[in-house]
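Below: the structure, in structure tokens.
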2 protein chains.
Amino acid sequence: MNPISADQLLAAQSWRYATKQFDESKIIPSELWSALEESLILSPSSYGLQPWQFFVITNPDLRAKLRPHSWNQSQVTDASHLVVFAIPEEVDVAYMEKYLARIAEVRGVTLDSLSFYRDMMMADVIAGPRQAWVREWAARQVYIALGNFMTSAALVGVDTCPLEGIDPREYDTILGLPDKGYNSIVACAAGYRSAEDKYSSFAKVRFEKSDLVRHL
Amino acid sequence: MNPISADQLLAAQSWRYATKQFDESKIIPSELWSALEESLILSPSSYGLQPWQFFVITNPDLRAKLRPHSWNQSQVTDASHLVVFAIPEEVDVAYMEKYLARIAEVRGVTLDSLSFYRDMMMADVIAGPRQAWVREWAARQVYIALGNFMTSAALVGVDTCPLEGIDPREYDTILGLPDKGYNSIVACAAGYRSAEDKYSSFAKVRFEKSDLVRHL
């Protein structure tokens, strides 16, 4: 591992802002976009469960249909790429079994050898108190992926705008997500800022460090 | 902005794993840690509201007290740094006013010039449907910061382990967070992996790309 400097990290994060106006003519090169999809896949999640699916919407008709259900924000149609972050309708025993089978496959181990891990996960996620709010818990995991995505994109010079102001039910209907077993949570546009986006030059607003970080 | 290559990004994310065993003798240099605090501060959040506080726990006594309320995970005491991610007890009008005042201060504009933005935020967060679940919404924002933190740390060569298996109420009591107006949500240990952590060599388990990313 060849780390980057702290200065380079902070420069990318300072450069990042919630892009209001994308340059419609600038498309993320396909190789770079593939890498960003890989970066999404590498997002951390609790137990490594990956309770998500990333829908990359490239069809302009779909994006035009989504826009009115996104406070009419232009990013939905104008950015190079639009990602809808979704969670599984059910995080149930079948989902856990699928995950355990995948661990066994990738690591070349038997399912039996995972029994301790399996019991621990099942006791927590399926039989434990987490089950009562398992969908919200999955939604929180999606926000890890969202955070990772925005930082990763900035580092490779890609602009993003997170879109919480979407109507998830309308998104589900337009994209047919329930038929696929998923529900949308949040979206994120990615591409390149327009030279005309005045927001790109605004000073970033953060509370004082002493208001945000405390040492105990 | 001087972007890094996609390969370098993915190398860092592949190197990252949820560290089980930290090397107790290795401390993150203070300058690098300061940069990671800055990176936390630069985390994106909805409206830029920053509904969070990051408690950096360095006191070994506190960390020893927290460990039993963290499934006794050794990372709580052994990692160089421990961050507890917390949300404000109230995301209310006073909080919004404080944020608006900060925007005016940083950007050198009048509060009056922010009235459109203010009305939009208030209508959504305070008077709108979001108020009913504003704390959970704040918790989701915290997960953006968590995702950003883990990716940022990996890029500068720092190991992390997210800790969801904590008892937030016990954490609150031990750290006195309610008196400070905050409630703990999740924690993350940061430091350097022990050479003995066998998990560092395990293959990373992800579902097939076709199971995680779909194009529509």
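Every chain in the structure tokens takes a letter, A first, then B, and so on in the order presented; its residues are numbered from 1, and the ligands are numbered from 1 following the presented order.
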Which of segment 100-197 of chain B DSSP labels alpha helix (DSSP H), written as a short mmCIF file (atom, residue, chain, number, x, y, z; two decimals) with N, CA and C atoms, in the first residue's frame:
```cif
data_model
loop_
_atom_site.label_atom_id
_atom_site.label_comp_id
_atom_site.auth_asym_id
_atom_site.auth_seq_id
_atom_site.Cartn_x
_atom_site.Cartn_y
_atom_site.Cartn_z
N LEU B 100 -27.08 28.87 10.39
CA LEU B 100 -27.25 30.02 9.49
C LEU B 100 -26.30 31.16 9.87
N ALA B 101 -26.13 31.36 11.17
CA ALA B 101 -25.20 32.40 11.62
C ALA B 101 -23.78 32.07 11.18
N ARG B 102 -23.46 30.78 11.20
CA ARG B 102 -22.13 30.37 10.80
C ARG B 102 -21.91 30.58 9.29
N ILE B 103 -22.94 30.31 8.51
CA ILE B 103 -22.83 30.56 7.06
C ILE B 103 -22.56 32.05 6.82
N ALA B 104 -23.36 32.87 7.50
CA ALA B 104 -23.20 34.32 7.33
C ALA B 104 -21.79 34.76 7.70
N GLU B 105 -21.27 34.19 8.78
CA GLU B 105 -19.94 34.54 9.26
C GLU B 105 -18.86 34.12 8.25
N VAL B 106 -18.92 32.84 7.82
CA VAL B 106 -17.86 32.31 6.96
C VAL B 106 -17.89 32.96 5.59
N ARG B 107 -19.09 33.23 5.09
CA ARG B 107 -19.19 33.75 3.72
C ARG B 107 -19.29 35.27 3.68
N SER B 115 -32.35 34.09 3.50
CA SER B 115 -33.74 33.79 3.89
C SER B 115 -34.39 32.71 3.03
N PHE B 116 -34.04 32.67 1.76
CA PHE B 116 -34.62 31.63 0.90
C PHE B 116 -34.16 30.24 1.36
N TYR B 117 -32.87 30.17 1.57
CA TYR B 117 -32.26 28.91 2.02
C TYR B 117 -32.81 28.50 3.39
N ARG B 118 -32.91 29.51 4.24
CA ARG B 118 -33.43 29.29 5.59
C ARG B 118 -34.86 28.74 5.55
N ASP B 119 -35.71 29.36 4.73
CA ASP B 119 -37.10 28.92 4.65
C ASP B 119 -37.20 27.49 4.13
N MET B 120 -36.35 27.18 3.14
CA MET B 120 -36.36 25.84 2.56
C MET B 120 -35.95 24.80 3.59
N MET B 121 -34.87 25.08 4.30
CA MET B 121 -34.40 24.15 5.32
C MET B 121 -35.41 23.98 6.45
N VAL B 134 -36.05 13.11 12.74
CA VAL B 134 -34.86 13.94 12.55
C VAL B 134 -33.62 13.33 13.19
N ARG B 135 -33.82 12.61 14.29
CA ARG B 135 -32.65 12.01 14.94
C ARG B 135 -32.09 10.85 14.11
N GLU B 136 -32.98 10.08 13.54
CA GLU B 136 -32.51 8.99 12.68
C GLU B 136 -31.85 9.56 11.43
N TRP B 137 -32.40 10.63 10.93
CA TRP B 137 -31.82 11.30 9.77
C TRP B 137 -30.40 11.81 10.11
N ALA B 138 -30.28 12.37 11.31
CA ALA B 138 -28.95 12.81 11.76
C ALA B 138 -28.01 11.61 11.86
N ALA B 139 -28.53 10.48 12.35
CA ALA B 139 -27.70 9.28 12.46
C ALA B 139 -27.21 8.84 11.08
N ARG B 140 -28.08 8.94 10.09
CA ARG B 140 -27.64 8.59 8.73
C ARG B 140 -26.50 9.50 8.27
N GLN B 141 -26.61 10.78 8.61
CA GLN B 141 -25.53 11.70 8.23
C GLN B 141 -24.22 11.27 8.88
N VAL B 142 -24.32 10.82 10.12
CA VAL B 142 -23.13 10.35 10.83
C VAL B 142 -22.46 9.20 10.07
N TYR B 143 -23.29 8.39 9.44
CA TYR B 143 -22.72 7.26 8.67
C TYR B 143 -22.01 7.74 7.40
N ILE B 144 -22.41 8.89 6.88
CA ILE B 144 -21.62 9.48 5.79
C ILE B 144 -20.22 9.80 6.31
N ALA B 145 -20.19 10.43 7.49
CA ALA B 145 -18.89 10.78 8.08
C ALA B 145 -18.07 9.53 8.37
N LEU B 146 -18.75 8.49 8.82
CA LEU B 146 -18.05 7.23 9.11
C LEU B 146 -17.47 6.64 7.82
N GLY B 147 -18.25 6.63 6.76
CA GLY B 147 -17.76 6.10 5.48
C GLY B 147 -16.59 6.92 4.96
N ASN B 148 -16.74 8.23 5.04
CA ASN B 148 -15.65 9.12 4.63
C ASN B 148 -14.40 8.86 5.47
N PHE B 149 -14.59 8.67 6.77
CA PHE B 149 -13.44 8.49 7.67
C PHE B 149 -12.66 7.22 7.34
N MET B 150 -13.38 6.12 7.13
CA MET B 150 -12.70 4.86 6.86
C MET B 150 -11.93 4.91 5.54
N THR B 151 -12.53 5.53 4.53
CA THR B 151 -11.85 5.64 3.24
C THR B 151 -10.65 6.58 3.34
N SER B 152 -10.86 7.70 4.02
CA SER B 152 -9.78 8.68 4.15
C SER B 152 -8.59 8.08 4.90
N ALA B 153 -8.89 7.37 5.99
CA ALA B 153 -7.82 6.77 6.79
C ALA B 153 -7.04 5.77 5.94
N ALA B 154 -7.75 4.92 5.20
CA ALA B 154 -7.06 3.92 4.37
C ALA B 154 -6.12 4.60 3.39
N LEU B 155 -6.59 5.72 2.82
CA LEU B 155 -5.77 6.39 1.81
C LEU B 155 -4.46 6.92 2.37
N PRO B 168 -25.01 2.26 23.03
CA PRO B 168 -24.94 3.73 23.00
C PRO B 168 -25.32 4.37 24.33
N ARG B 169 -26.26 3.75 25.05
CA ARG B 169 -26.66 4.37 26.32
C ARG B 169 -25.53 4.31 27.35
N GLU B 170 -24.85 3.16 27.38
CA GLU B 170 -23.70 3.05 28.30
C GLU B 170 -22.58 4.00 27.88
N TYR B 171 -22.35 4.10 26.58
CA TYR B 171 -21.35 5.05 26.09
C TYR B 171 -21.71 6.47 26.54
N ASP B 172 -22.98 6.81 26.37
CA ASP B 172 -23.43 8.15 26.77
C ASP B 172 -23.13 8.42 28.24
N THR B 173 -23.45 7.44 29.07
CA THR B 173 -23.27 7.61 30.51
C THR B 173 -21.79 7.76 30.86
N ILE B 174 -20.98 6.85 30.31
CA ILE B 174 -19.55 6.86 30.65
C ILE B 174 -18.87 8.15 30.17
N LEU B 175 -19.28 8.61 29.02
CA LEU B 175 -18.63 9.80 28.44
C LEU B 175 -19.34 11.10 28.82
N LEU B 177 -22.15 12.26 27.66
CA LEU B 177 -22.57 12.96 26.45
C LEU B 177 -23.88 13.73 26.59
N PRO B 178 -24.89 13.19 27.27
CA PRO B 178 -26.14 13.96 27.37
C PRO B 178 -25.92 15.34 28.01
N ASP B 179 -25.02 15.41 28.98
CA ASP B 179 -24.73 16.72 29.59
C ASP B 179 -24.16 17.69 28.56
N LYS B 180 -23.52 17.13 27.56
CA LYS B 180 -22.94 17.98 26.50
C LYS B 180 -23.94 18.19 25.37
#
```
Applying 9 Å and only C-alpha atoms, which residues near segment 77-79 of chain B remain after dropping the ones on its own chain fewer than 4 positions away? List them as a PyMOL selection string.
chain B and resi 21-27+60+63-64+66-67+73+160+189-193
If you count only C-alpha atoms, the residue of A:Ser74, A:Thr110, A:Pro68, A:Ala18 closest to chain B turns out to be A:Ala18
Contacts of segment 93-99 of chain B within 8 Å, only C-alpha atoms, excl. fewer than 4 positions in-chain, as a PyMOL selection string: (chain A and resi 207) or (chain B and resi 49+103+122+126)
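Counting only C-alpha atoms, the residue from B:Cys188, B:Leu82, B:Leu216, B:Ala123 that sits nearest to Leu62 of chain A is B:Leu216.
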